[in-house]
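Asks: So here's input_13.txt, just compact mmCIF, C-alpha atoms:
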# COMPACT_ATOMS: atom_id res chain seq x y z
CA MET A 1 112.43 -41.39 20.36
CA LYS A 2 109.81 -38.80 19.55
CA ILE A 3 109.52 -35.99 22.09
CA ARG A 4 107.82 -32.61 22.10
CA ASN A 5 110.55 -30.62 23.76
CA PHE A 6 113.83 -31.17 25.62
CA ILE A 7 115.04 -29.09 28.55
CA GLN A 8 118.13 -29.61 30.67
CA VAL A 9 118.03 -28.14 34.17
CA LYS A 10 120.92 -27.56 36.54
CA THR A 11 119.06 -26.71 39.76
CA VAL A 12 115.93 -27.94 41.52
CA GLU A 13 114.44 -24.42 41.19
CA ALA A 14 115.03 -24.55 37.45
CA PHE A 15 113.18 -27.87 37.42
CA HIS A 16 110.12 -26.32 39.08
CA GLU A 17 110.23 -23.44 36.61
CA ALA A 18 110.55 -25.80 33.68
CA VAL A 19 107.52 -27.74 34.93
CA LYS A 20 105.45 -24.54 35.13
CA ALA A 21 106.60 -23.38 31.71
CA ALA A 22 105.84 -26.69 30.00
CA ASN A 23 102.26 -26.75 28.86
CA GLY A 24 101.23 -30.36 28.50
CA SER A 25 102.76 -33.59 29.73
CA ILE A 26 106.23 -33.80 31.16
CA ALA A 27 108.62 -36.70 31.48
CA ILE A 28 111.47 -36.54 33.96
CA LEU A 29 114.73 -37.94 32.60
CA ALA A 30 117.50 -38.93 35.02
CA GLY A 31 119.94 -41.66 33.97
CA GLY A 32 117.67 -42.62 31.07
CA THR A 33 118.09 -46.38 31.40
CA ASP A 34 114.32 -46.89 31.75
CA VAL A 35 113.07 -43.87 29.77
CA LEU A 36 115.01 -44.78 26.64
CA VAL A 37 113.82 -48.38 26.78
CA ASN A 38 110.20 -47.28 27.28
CA GLY A 39 110.63 -44.71 24.51
CA ARG A 40 111.30 -47.43 21.93
CA GLU A 41 107.66 -48.45 22.04
CA ASP A 42 104.61 -46.62 20.76
CA ASP A 43 105.96 -43.07 20.87
CA VAL A 44 105.04 -42.87 24.55
CA TYR A 45 106.86 -39.55 25.01
CA LYS A 46 105.80 -37.84 21.77
CA ASP A 47 103.65 -35.24 23.57
CA CYS A 48 106.06 -34.80 26.47
CA THR A 49 108.47 -32.09 27.42
CA VAL A 50 111.43 -34.16 28.56
CA ILE A 51 113.17 -32.50 31.52
CA ASP A 52 116.70 -33.82 32.02
CA ILE A 53 117.53 -33.58 35.74
CA PHE A 54 120.81 -35.54 35.56
CA PRO A 55 122.90 -32.31 35.46
CA ILE A 56 121.48 -31.09 38.81
CA GLU A 57 124.66 -31.18 40.89
CA GLU A 58 122.84 -30.97 44.25
CA LEU A 59 121.01 -34.24 43.48
CA HIS A 60 124.28 -36.17 43.15
CA GLY A 61 126.23 -37.65 46.03
CA VAL A 62 125.75 -38.81 49.60
CA ARG A 63 125.80 -36.57 52.68
CA GLU A 64 125.20 -37.40 56.33
CA THR A 65 123.55 -35.92 59.37
CA GLU A 66 123.94 -37.35 62.86
CA ASN A 67 121.37 -40.10 62.27
CA MET A 68 120.72 -40.14 58.54
CA LEU A 69 122.33 -40.67 55.19
CA LEU A 70 121.01 -38.22 52.62
CA ILE A 71 121.38 -39.72 49.17
CA GLY A 72 120.79 -37.40 46.23
CA ALA A 73 118.17 -38.83 43.91
CA CYS A 74 120.46 -38.62 40.86
CA THR A 75 123.27 -40.55 42.53
CA THR A 76 124.07 -43.51 40.30
CA HIS A 77 123.94 -47.10 41.50
CA GLU A 78 127.67 -47.42 40.82
CA ALA A 79 128.43 -44.35 42.94
CA ILE A 80 126.23 -45.68 45.77
CA SER A 81 127.79 -49.14 45.64
CA HIS A 82 131.25 -47.61 46.26
CA ASP A 83 130.29 -44.71 48.52
CA PRO A 84 132.20 -44.86 51.83
CA LEU A 85 129.24 -43.48 53.85
CA VAL A 86 126.80 -45.98 52.35
CA LYS A 87 129.26 -48.83 52.88
CA GLN A 88 129.63 -47.82 56.52
CA TYR A 89 126.06 -46.99 57.48
CA ALA A 90 123.87 -48.89 55.01
CA PRO A 91 126.05 -51.64 53.53
CA ILE A 92 123.01 -53.62 52.38
CA LEU A 93 122.15 -50.74 50.03
CA ALA A 94 125.71 -50.66 48.66
CA GLU A 95 125.40 -54.37 47.93
CA ALA A 96 121.93 -54.10 46.35
CA SER A 97 123.05 -51.14 44.21
CA GLY A 98 126.03 -53.15 42.99
CA ALA A 99 123.65 -55.93 41.90
CA VAL A 100 121.83 -53.68 39.40
CA GLY A 101 122.26 -54.44 35.69
CA SER A 102 125.77 -54.10 34.30
CA LEU A 103 128.52 -51.59 35.02
CA GLN A 104 127.33 -49.53 32.04
CA THR A 105 123.80 -49.43 33.47
CA ARG A 106 124.98 -48.67 36.99
CA ASN A 107 127.10 -45.79 35.67
CA ARG A 108 123.93 -44.05 34.42
CA ALA A 109 120.97 -45.43 36.35
CA THR A 110 119.99 -43.44 39.44
CA ILE A 111 118.43 -44.40 42.74
CA GLY A 112 115.67 -41.81 42.31
CA GLY A 113 114.92 -43.07 38.83
CA ASN A 114 114.83 -46.63 40.11
CA LEU A 115 112.18 -45.62 42.67
CA ALA A 116 110.11 -43.49 40.28
CA ASN A 117 110.11 -46.24 37.65
CA ALA A 118 108.56 -48.48 40.31
CA SER A 119 109.53 -51.79 38.78
CA PRO A 120 108.60 -54.46 41.31
CA ALA A 121 111.83 -56.23 40.31
CA ALA A 122 114.09 -53.24 41.11
CA ASP A 123 117.10 -54.57 42.99
CA THR A 124 117.33 -51.77 45.54
CA MET A 125 113.71 -51.90 46.72
CA SER A 126 113.98 -54.69 49.28
CA ALA A 127 117.12 -53.13 50.76
CA LEU A 128 115.52 -49.68 51.00
CA ALA A 129 112.43 -51.23 52.60
CA VAL A 130 114.30 -53.00 55.42
CA LEU A 131 116.35 -49.84 55.99
CA HIS A 132 113.07 -47.92 56.53
CA ALA A 133 114.19 -45.37 53.95
CA GLU A 134 112.20 -42.19 53.44
CA LEU A 135 111.86 -40.01 50.39
CA VAL A 136 112.02 -36.23 50.25
CA ILE A 137 109.67 -35.19 47.48
CA GLU A 138 109.42 -31.62 46.21
CA ARG A 139 106.44 -30.11 44.44
CA ASP A 140 106.66 -26.49 43.35
CA GLY A 141 109.31 -25.76 45.98
CA GLU A 142 107.40 -27.42 48.86
CA ALA A 143 109.13 -30.48 50.30
CA ARG A 144 107.43 -33.41 52.03
CA VAL A 145 108.76 -36.66 53.47
CA GLU A 146 107.14 -40.04 52.87
CA PRO A 147 108.15 -43.58 53.80
CA MET A 148 109.74 -45.19 50.76
CA THR A 149 107.10 -47.94 50.71
CA ALA A 150 104.23 -45.39 50.58
CA ILE A 151 104.65 -44.11 47.01
CA PHE A 152 103.92 -47.34 45.16
CA THR A 153 100.40 -48.18 44.06
CA LYS A 154 100.99 -51.09 41.67
CA PRO A 155 103.74 -52.39 39.40
CA TYR A 156 105.31 -49.45 37.51
CA LYS A 157 102.85 -47.00 39.13
CA THR A 158 103.40 -44.51 41.94
CA ASN A 159 101.20 -41.87 43.52
CA LEU A 160 103.71 -39.18 42.52
CA ALA A 161 102.23 -36.26 40.57
CA PRO A 162 103.95 -35.27 37.31
CA ASN A 163 105.40 -32.18 39.04
CA ASP A 164 106.70 -34.16 42.03
CA LEU A 165 110.46 -34.57 42.14
CA ILE A 166 112.16 -37.09 44.42
CA THR A 167 115.16 -35.09 45.59
CA THR A 168 116.65 -37.12 48.43
CA ILE A 169 116.52 -40.64 49.81
CA ARG A 170 116.90 -40.49 53.59
CA VAL A 171 118.29 -43.64 55.12
CA PRO A 172 118.54 -44.01 58.92
CA LYS A 173 122.13 -44.98 59.74
CA LEU A 174 122.61 -48.54 60.93
CA SER A 175 124.68 -49.18 64.01
CA PRO A 176 127.80 -51.27 63.35
CA ASN A 177 126.18 -54.15 65.28
CA VAL A 178 123.48 -54.68 62.67
CA ARG A 179 124.11 -57.79 60.62
CA TYR A 180 122.81 -57.82 57.08
CA ASP A 181 122.38 -60.15 54.17
CA TYR A 182 121.21 -59.48 50.62
CA ILE A 183 120.59 -62.26 48.13
CA LYS A 184 119.61 -61.76 44.52
CA VAL A 185 118.31 -64.62 42.45
CA GLY A 186 118.72 -63.99 38.72
CA ARG A 187 119.22 -66.04 35.60
CA ARG A 188 122.86 -65.04 35.47
CA LYS A 189 125.25 -63.05 37.63
CA VAL A 190 125.19 -59.76 35.74
CA LEU A 191 122.54 -58.04 33.64
CA SER A 192 119.69 -60.06 34.96
CA ILE A 193 116.33 -58.83 36.13
CA SER A 194 115.86 -60.16 39.66
CA ARG A 195 113.64 -63.18 39.98
CA MET A 196 113.77 -62.56 43.69
CA THR A 197 115.76 -60.61 46.24
CA VAL A 198 115.82 -61.26 49.97
CA ALA A 199 117.03 -58.48 52.25
CA THR A 200 117.61 -58.98 55.96
CA LEU A 201 118.76 -56.79 58.84
CA LEU A 202 119.31 -58.38 62.22
CA GLU A 203 120.62 -56.86 65.43
CA MET A 204 121.28 -58.82 68.62
CA ASP A 205 122.42 -57.83 72.08
CA ASP A 206 125.38 -59.40 73.88
CA GLU A 207 123.22 -62.35 74.94
CA GLY A 208 122.21 -63.10 71.36
CA VAL A 209 118.69 -61.76 71.90
CA VAL A 210 117.30 -60.07 68.80
CA THR A 211 116.68 -56.34 69.22
CA ARG A 212 115.88 -55.54 65.60
CA PHE A 213 114.76 -57.75 62.74
CA ASP A 214 113.58 -56.69 59.30
CA MET A 215 113.32 -59.14 56.45
CA THR A 216 111.57 -58.81 53.13
CA VAL A 217 111.39 -60.30 49.69
CA GLY A 218 111.72 -58.23 46.52
CA ALA A 219 110.70 -58.86 42.91
CA THR A 220 107.85 -60.94 44.28
CA PHE A 221 105.12 -58.59 45.44
CA PRO A 222 103.49 -55.80 43.40
CA ARG A 223 105.35 -53.24 45.52
CA PRO A 224 108.05 -53.21 48.21
CA MET A 225 106.67 -54.39 51.55
CA LEU A 226 107.63 -54.62 55.19
CA PHE A 227 106.15 -57.21 57.54
CA PRO A 228 105.83 -56.24 61.23
CA ASP A 229 104.48 -59.75 61.98
CA ILE A 230 107.65 -61.33 60.53
CA SER A 231 109.84 -58.93 62.55
CA ALA A 232 107.90 -59.86 65.72
CA MET A 233 108.77 -63.55 65.24
CA LEU A 234 112.40 -62.96 66.27
CA VAL A 235 112.53 -59.72 68.26
CA GLY A 236 113.08 -60.46 71.96
CA LYS A 237 114.25 -64.02 71.29
CA ARG A 238 117.56 -65.81 71.04
CA PRO A 239 117.01 -67.47 67.62
CA THR A 240 117.03 -71.26 67.34
CA GLU A 241 117.06 -73.45 64.24
CA GLN A 242 113.31 -73.92 64.67
CA ASP A 243 112.77 -70.12 64.71
CA ILE A 244 114.67 -69.86 61.44
CA LEU A 245 112.55 -72.55 59.83
CA ASP A 246 109.39 -70.83 61.10
CA VAL A 247 110.38 -67.37 59.84
CA ALA A 248 111.38 -68.71 56.41
CA LYS A 249 108.07 -70.56 56.11
CA ALA A 250 106.04 -67.54 57.25
CA LEU A 251 107.85 -65.26 54.80
CA SER A 252 107.43 -67.63 51.88
CA ASP A 253 103.75 -68.09 52.78
CA LYS A 254 103.31 -64.34 52.12
CA ILE A 255 103.84 -65.02 48.41
CA PRO A 256 100.52 -66.76 47.64
CA GLU A 257 98.81 -64.66 50.31
CA ILE A 258 99.77 -61.30 48.73
CA ALA A 259 100.61 -62.01 45.11
CA GLY A 260 98.01 -64.79 44.69
CA ILE A 261 98.72 -68.18 43.13
CA ARG A 262 100.60 -67.46 39.92
CA LYS A 263 102.53 -69.67 37.55
CA SER A 264 105.72 -68.61 39.29
CA THR A 265 104.45 -69.44 42.79
CA VAL A 266 105.55 -73.09 42.63
CA TYR A 267 109.08 -71.81 41.99
CA LYS A 268 109.16 -68.68 44.11
CA GLN A 269 107.66 -70.06 47.30
CA PRO A 270 110.20 -72.85 47.89
CA VAL A 271 113.08 -70.68 46.65
CA CYS A 272 112.06 -67.95 49.07
CA ARG A 273 111.89 -70.45 51.90
CA ASN A 274 115.29 -71.95 51.09
CA ILE A 275 117.20 -68.71 50.64
CA SER A 276 115.54 -67.17 53.71
CA GLU A 277 116.73 -70.13 55.77
CA ARG A 278 120.20 -69.80 54.27
CA SER A 279 120.31 -66.09 55.01
CA LEU A 280 119.16 -66.43 58.61
CA ARG A 281 121.50 -69.34 59.33
CA LYS A 282 124.39 -67.22 58.06
CA LEU A 283 123.38 -64.23 60.19
CA CYS A 284 122.84 -66.35 63.32
CA ALA A 285 125.79 -68.71 62.80
CA ASP A 286 127.49 -67.82 66.10
CA ILE A 287 124.22 -68.07 68.07
CA LEU A 288 123.20 -71.46 66.64
CA LYS A 289 126.44 -73.19 67.66
CA MET B 1 111.13 -32.11 17.67
CA ALA B 2 113.19 -29.33 16.07
CA ASN B 3 116.95 -29.65 16.02
CA ILE B 4 119.02 -28.01 18.72
CA LYS B 5 122.71 -27.21 18.81
CA LEU B 6 124.76 -29.67 20.84
CA SER B 7 128.36 -28.97 21.79
CA PHE B 8 130.62 -31.62 23.26
CA ILE B 9 134.15 -32.97 23.25
CA LEU B 10 134.41 -36.16 21.23
CA ASN B 11 137.66 -38.09 21.08
CA ARG B 12 139.45 -35.02 22.49
CA LYS B 13 138.15 -32.65 19.80
CA PRO B 14 135.35 -30.09 20.17
CA TYR B 15 132.23 -30.75 18.09
CA THR B 16 129.00 -28.86 17.53
CA VAL B 17 126.13 -30.61 15.77
CA GLU B 18 122.55 -29.56 15.11
CA THR B 19 120.34 -32.51 15.76
CA ASP B 20 117.14 -33.81 17.34
CA PRO B 21 117.78 -34.03 21.13
CA GLY B 22 115.29 -36.91 21.26
CA LYS B 23 117.62 -39.14 19.26
CA ARG B 24 119.86 -41.59 21.03
CA MET B 25 123.53 -40.73 21.48
CA LEU B 26 124.26 -43.89 19.45
CA ASP B 27 122.39 -42.41 16.46
CA VAL B 28 124.17 -39.06 16.72
CA LEU B 29 127.50 -40.88 16.63
CA ARG B 30 126.59 -43.15 13.74
CA GLU B 31 124.21 -41.03 11.65
CA ASP B 32 125.15 -37.40 12.30
CA LEU B 33 128.88 -37.94 12.68
CA GLY B 34 129.37 -41.06 10.56
CA LEU B 35 131.30 -42.83 13.29
CA MET B 36 130.25 -46.41 12.60
CA GLY B 37 132.60 -48.07 15.09
CA THR B 38 130.00 -47.93 17.84
CA LYS B 39 127.58 -50.79 17.13
CA GLU B 40 123.94 -51.33 17.95
CA GLY B 41 123.20 -54.82 19.21
CA CYS B 42 120.14 -54.99 21.40
CA GLY B 43 119.24 -51.30 21.76
CA VAL B 44 118.11 -51.79 25.36
CA GLY B 45 121.39 -51.72 27.27
CA GLU B 46 121.84 -55.46 27.59
CA CYS B 47 124.60 -56.36 25.11
CA GLY B 48 127.21 -53.62 25.55
CA ALA B 49 128.02 -53.35 21.81
CA CYS B 50 127.35 -49.59 21.87
CA THR B 51 129.54 -48.91 24.91
CA VAL B 52 131.29 -45.53 24.87
CA ILE B 53 132.95 -43.52 27.62
CA LEU B 54 130.88 -40.56 28.78
CA ASN B 55 132.53 -38.21 31.27
CA GLY B 56 134.97 -40.97 32.23
CA LYS B 57 132.39 -43.75 32.71
CA ALA B 58 131.55 -46.66 30.42
CA VAL B 59 127.89 -46.35 29.38
CA THR B 60 125.68 -47.87 26.71
CA SER B 61 125.11 -45.11 24.15
CA CYS B 62 121.72 -46.59 23.20
CA LEU B 63 120.41 -45.44 26.60
CA VAL B 64 121.68 -41.86 26.53
CA LEU B 65 119.54 -39.18 24.93
CA ALA B 66 121.31 -36.92 22.43
CA GLY B 67 120.36 -33.87 24.49
CA GLN B 68 122.37 -35.34 27.35
CA MET B 69 125.56 -35.05 25.24
CA GLN B 70 125.54 -31.27 25.85
CA ASP B 71 128.91 -30.23 27.30
CA ALA B 72 129.94 -33.88 27.77
CA GLU B 73 133.31 -35.50 27.17
CA ILE B 74 132.92 -38.60 25.06
CA LEU B 75 135.35 -41.25 23.89
CA THR B 76 134.48 -43.80 21.22
CA ILE B 77 136.44 -46.60 19.57
CA GLU B 78 137.53 -44.12 16.88
CA GLY B 79 139.52 -42.24 19.54
CA MET B 80 141.40 -45.29 20.76
CA SER B 81 144.28 -45.17 18.26
CA ASP B 82 145.30 -41.67 19.44
CA ASP B 83 145.93 -43.00 22.93
CA GLU B 84 148.58 -45.34 24.27
CA ILE B 85 146.19 -47.38 26.39
CA GLY B 86 143.76 -47.62 23.48
CA ARG B 87 146.48 -48.71 21.07
CA VAL B 88 147.86 -51.36 23.41
CA ILE B 89 144.41 -52.79 24.13
CA GLN B 90 143.67 -53.02 20.40
CA ASP B 91 147.02 -54.71 19.68
CA CYS B 92 146.45 -57.21 22.48
CA PHE B 93 142.94 -58.01 21.22
CA ILE B 94 144.42 -58.85 17.81
CA GLU B 95 147.34 -60.85 19.20
CA SER B 96 145.21 -62.82 21.66
CA GLY B 97 142.56 -63.83 19.12
CA ALA B 98 140.00 -61.80 21.03
CA VAL B 99 138.33 -60.69 17.78
CA GLN B 100 136.30 -63.10 15.71
CA CYS B 101 133.26 -61.57 13.98
CA GLY B 102 134.27 -58.25 15.51
CA PHE B 103 130.81 -56.84 16.20
CA CYS B 104 131.21 -56.76 19.97
CA THR B 105 134.86 -55.69 19.85
CA PRO B 106 134.48 -51.88 20.01
CA GLY B 107 132.23 -52.22 23.07
CA PHE B 108 134.67 -54.59 24.79
CA ILE B 109 137.60 -52.28 24.05
CA MET B 110 135.75 -49.30 25.52
CA SER B 111 134.90 -51.29 28.67
CA ALA B 112 138.52 -52.45 28.90
CA TYR B 113 139.71 -48.86 28.44
CA ALA B 114 137.42 -47.61 31.22
CA LEU B 115 138.75 -50.37 33.48
CA LEU B 116 142.44 -49.70 32.82
CA MET B 117 141.98 -45.95 33.27
CA GLU B 118 140.60 -46.58 36.76
CA ASN B 119 142.51 -49.69 37.72
CA PRO B 120 145.77 -50.21 35.79
CA THR B 121 146.52 -53.56 37.45
CA PRO B 122 143.23 -55.49 37.56
CA THR B 123 142.96 -59.13 38.58
CA ARG B 124 141.36 -61.58 36.15
CA ASP B 125 138.17 -61.45 38.19
CA GLU B 126 138.13 -57.67 38.04
CA ILE B 127 138.57 -57.88 34.28
CA ARG B 128 135.71 -60.36 33.99
CA LEU B 129 133.48 -58.11 36.07
CA ALA B 130 134.42 -54.98 34.08
CA VAL B 131 133.32 -56.60 30.81
CA ALA B 132 130.36 -58.51 32.26
CA GLY B 133 128.03 -56.00 30.60
CA ASN B 134 129.38 -56.88 27.16
CA ILE B 135 128.20 -59.94 25.29
CA CYS B 136 130.36 -61.86 22.81
CA ARG B 137 128.84 -64.81 20.94
CA CYS B 138 132.09 -65.96 19.25
CA THR B 139 135.10 -66.09 21.51
CA GLY B 140 133.86 -67.59 24.74
CA TYR B 141 135.42 -64.62 26.59
CA ILE B 142 138.70 -66.28 27.55
CA PRO B 143 140.78 -64.67 24.74
CA ILE B 144 139.16 -61.32 25.61
CA THR B 145 140.10 -61.66 29.27
CA ASP B 146 143.61 -62.72 28.18
CA ALA B 147 143.90 -59.68 25.91
CA ILE B 148 142.95 -57.22 28.65
CA GLU B 149 145.25 -58.91 31.14
CA LYS B 150 148.10 -58.75 28.63
CA ALA B 151 147.39 -55.07 27.92
CA SER B 152 147.48 -54.26 31.63
CA LYS B 153 150.84 -55.99 31.97
CA ILE B 154 152.35 -54.20 28.97
CA LEU B 155 151.05 -50.83 30.21
CA ALA B 156 152.34 -51.47 33.74
CA LYS B 157 155.92 -51.82 32.43
So, in terms of structure tokens, how does the structure I just supplied come out?
Replies:
Amino acid sequence: MKIRNFIQVKTVEAFHEAVKAANGSIAILAGGTDVLVNGREDDVYKDCTVIDIFPIEELHGVRETENMLLIGACTTHEAISHDPLVKQYAPILAEASGAVGSLQTRNRATIGGNLANASPAADTMSALAVLHAELVIERDGEARVEPMTAIFTKPYKTNLAPNDLITTIRVPKLSPNVRYDYIKVGRRKVLSISRMTVATLLEMDDEGVVTRFDMTVGATFPRPMLFPDISAMLVGKRPTEQDILDVAKALSDKIPEIAGIRKSTVYKQPVCRNISERSLRKLCADILK
Amino acid sequence: MANIKLSFILNRKPYTVETDPGKRMLDVLREDLGLMGTKEGCGVGECGACTVILNGKAVTSCLVLAGQMQDAEILTIEGMSDDEIGRVIQDCFIESGAVQCGFCTPGFIMSAYALLMENPTPTRDEIRLAVAGNICRCTGYIPITDAIEKASKILAK
């Protein structure tokens, strides 16, 4: 692909310096699995200084604090899907990361790149949304934290400035009691762009009363979304079959409400309702008996 | 843009090439180095024909920028005959009828190599998953799975 300049950086500071030194547009390159596909068309990067951040060691890997997982933005989906900390404290993200593309894609594609690319069909988005993930974003050495859902404006568009760098994805650790389910609907098992994902976290006390409930649908809305009204339908209750039917209907009714009536609505709405029911029945199996 | 000097280890030998860092790794391999074993199928990371091993991981070389080859360790199909695992996989592909038109074969062998380096005794399901990012339009995949399974058994002896 045509580019104006190519710079590899090994530290976040070097990234900020490279941004300042580049006069004109910049394009941030991480794993490259979106940039190189976009670059096939229309010389989109011909005036850009491409800054390769993949070699920044500090942006790779998963660390933990008492309450948070800190996932480096250049950590690959394959690394996340096998990471012991992620599997322990955010297993739904390990599962969603393992659903991305093929092994070859997951070996290169990064979680930060997945967010910055802002594809509404990105597999990890629904999981990150229900986990209430936050992003650490650096601009010229100043860091800020934003909820993961706040950066998206429309499909493939974020409110990130060209000199903003997502450095870390902060994921609050789940307690071992939280039940989760992640379903991806694609045209085949591997290498498919999600038609829909449904991500659910559910926590109940010893009496089977729901203390936490987050459920969302991905690849369906223009950007990742959380629904406090859906959460409120189960929190404080011991779920019954009727509650499950009601939640699945309410969630699937969001599709025409938010995305409008599209050609795909006649497919997506009933599929959403069916797989939401399936997911909730699985998570509540011991309570429904 | 102007050419830059790229240094990397390819098939266990050091290389330095002067090339456009905006090219794809696939083009550096095929055009600059004349290594035609790595094939271009789809060019968007969906078919796996251009699979190579980059720093120990199977990746599609159509989605890696040439500039990202700097200081990397790369293995391509051309390096497979210098290596016991590579030789055994190739022999098993031939013996099992896992090669028909042959276009996808280098990519499958690289994926199989990456698998057997990490997991010398994979189950059939693990084999199927490891090559799920490679598409073959001739064989129907069963002879390919057989070949990799056979290679793992020979190598385990």
Asks: Out of B:Val64, B:Ile4, B:Ile127, B:Leu155, which residue has the shortest atom-to-atom distance to chain A when counting only C-alpha atoms?
Replies: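 Looking only at the distances to chain A, the closest residue turns out to be B:Val64.
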Asks: Any idea what the distance is between atom CA of Asn23 of chain A and atom CA of Ile3 of chain A?
Replies: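 Distance between the two atoms: 13.6 Å.
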Asks: Residues at most 9 Å from segment 113-115 of chain B, counting only C-alpha atoms, excluding those fewer than 6 positions away in the same chain, as a VMD selection string?
Replies: chain B and resid 53 56 to 58 80 85 to 86 89 122 126 to 127 130 to 131 148
Asks: Given the point (106.7, -60.9, 60.3) in the coordinates of this file, which residues lie within 10 Å, counting only C-alpha atoms, and how would they look as a ChimeraX atom specification?
Replies: /A:213-216,226-235,247-248,250-251,254
Asks: Determine which residues of chain B sit within 7 Å of chain A, taking into account only C-alpha atoms, and present them as a compact mmCIF listing (two decimals) with C-alpha atoms, in the frame of the given file.
Replies:
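Written out: result.txt:
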# COMPACT_ATOMS: atom_id res chain seq x y z
CA MET B 1 111.13 -32.11 17.67
CA PRO B 21 117.78 -34.03 21.13
CA GLY B 22 115.29 -36.91 21.26
CA LYS B 23 117.62 -39.14 19.26
CA VAL B 44 118.11 -51.79 25.36
CA GLU B 46 121.84 -55.46 27.59
CA LYS B 57 132.39 -43.75 32.71
CA ALA B 58 131.55 -46.66 30.42
CA VAL B 59 127.89 -46.35 29.38
CA THR B 60 125.68 -47.87 26.71
CA LEU B 63 120.41 -45.44 26.60
CA VAL B 64 121.68 -41.86 26.53
CA ALA B 130 134.42 -54.98 34.08
CA ALA B 132 130.36 -58.51 32.26
CA GLY B 133 128.03 -56.00 30.60
Asks: Neighbouring residues of Asp206 of chain A were defined as those with any atom within 12 Å, considering only C-alpha atoms; residues of the same chain fewer than 6 positions away were excluded. Please report them as a PyMOL selection string.
Replies: chain A and resi 177+238+286-287
Asks: Would you compute the box with edges along x, y and z of the file around segment 147-161 of chain A, including every atom the file lists for it and 8 Å extra on each side, and give its centre and edge lengths in Å to one decimal, as AutoDock Vina command-line options?
Replies:
--center_x 105.1 --center_y -44.3 --center_z 45.7 --size_x 25.3 --size_y 32.1 --size_z 32.3
Asks: Counting only C-alpha atoms, which residue out of B:Leu26, B:Met110, B:Cys136, B:Cys92 sits closest to Val52 of chain B?
Replies: B:Met110
Asks: Using atom CA of Asn114 of chain A and atom CA of Gln70 of chain B as the two end points, give the distance in Å to one decimal.
Replies: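 Distance between the two atoms: 23.5 Å.
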Asks: Given the point (130.3, -38.5, 44.2) in the coordinates of this file, which residues lie within 12 Å, counting all atoms listed in the file, and how would they look as a list in words?
Replies: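 Nearby residues: Glu57, Glu58, Leu59, His60, Gly61, Val62, Arg63, Ile71, Gly72, Cys74, Thr75, Thr76, His77, Glu78, Ala79, Ile80, Ser81, His82, Asp83, Pro84, Leu85, Val86 and Asn107 of chain A.
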Asks: Which distance in Å separates atom CA of Gly48 of chain B and atom CA of Ser61 of chain B, to one decimal?
Replies: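 Straight-line distance from atom CA of Gly48 of chain B to atom CA of Ser61 of chain B works out to 8.9 Å.
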Asks: Using all atoms listed in the file, what does the table of segment 8-88 of chain A residues within 10 Å of segment 125-148 of chain A look like, with each row giving the shortest atom pair and its distance in Å to one decimal, sorted by chain and ascending number, as JSON lines?
Replies:
{"residue": "A:Val12", "atom": "CA", "partner": "A:Gly141", "partner_atom": "CA", "distance": 8.3}
{"residue": "A:Glu13", "atom": "CA", "partner": "A:Gly141", "partner_atom": "CA", "distance": 7.1}
{"residue": "A:Phe15", "atom": "CA", "partner": "A:Asp140", "partner_atom": "CA", "distance": 8.9}
{"residue": "A:His16", "atom": "CA", "partner": "A:Asp140", "partner_atom": "CA", "distance": 5.5}
{"residue": "A:Glu17", "atom": "CA", "partner": "A:Asp140", "partner_atom": "CA", "distance": 8.2}
{"residue": "A:Val19", "atom": "CA", "partner": "A:Asp140", "partner_atom": "CA", "distance": 8.6}
{"residue": "A:Lys20", "atom": "CA", "partner": "A:Asp140", "partner_atom": "CA", "distance": 8.5}
{"residue": "A:Met68", "atom": "CA", "partner": "A:Ala133", "partner_atom": "CA", "distance": 9.5}
{"residue": "A:Leu69", "atom": "CA", "partner": "A:Ala133", "partner_atom": "CA", "distance": 9.5}
{"residue": "A:Leu70", "atom": "CA", "partner": "A:Val136", "partner_atom": "CA", "distance": 9.5}
{"residue": "A:Ile71", "atom": "CA", "partner": "A:Leu135", "partner_atom": "CA", "distance": 9.6}
{"residue": "A:Gly72", "atom": "CA", "partner": "A:Val136", "partner_atom": "CA", "distance": 9.7}
{"residue": "A:Ala73", "atom": "CA", "partner": "A:Leu135", "partner_atom": "CA", "distance": 9.1}
Asks: List the spatial neighbours of Thr139 of chain B as number ranges by chain - criterion: any atom at most 12 Å away, all atoms listed in the file, same-chain residues fewer than 2 positions off excluded.
Replies: B: 93, 96-105, 108, 135-137, 141-147
Asks: Between B:Pro120, B:Gly67, B:Gly41, B:Gly34, single out the one closest to Lys5 of chain B, counting only C-alpha atoms.
Replies: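 Closest residue, counting only C-alpha atoms: B:Gly67.
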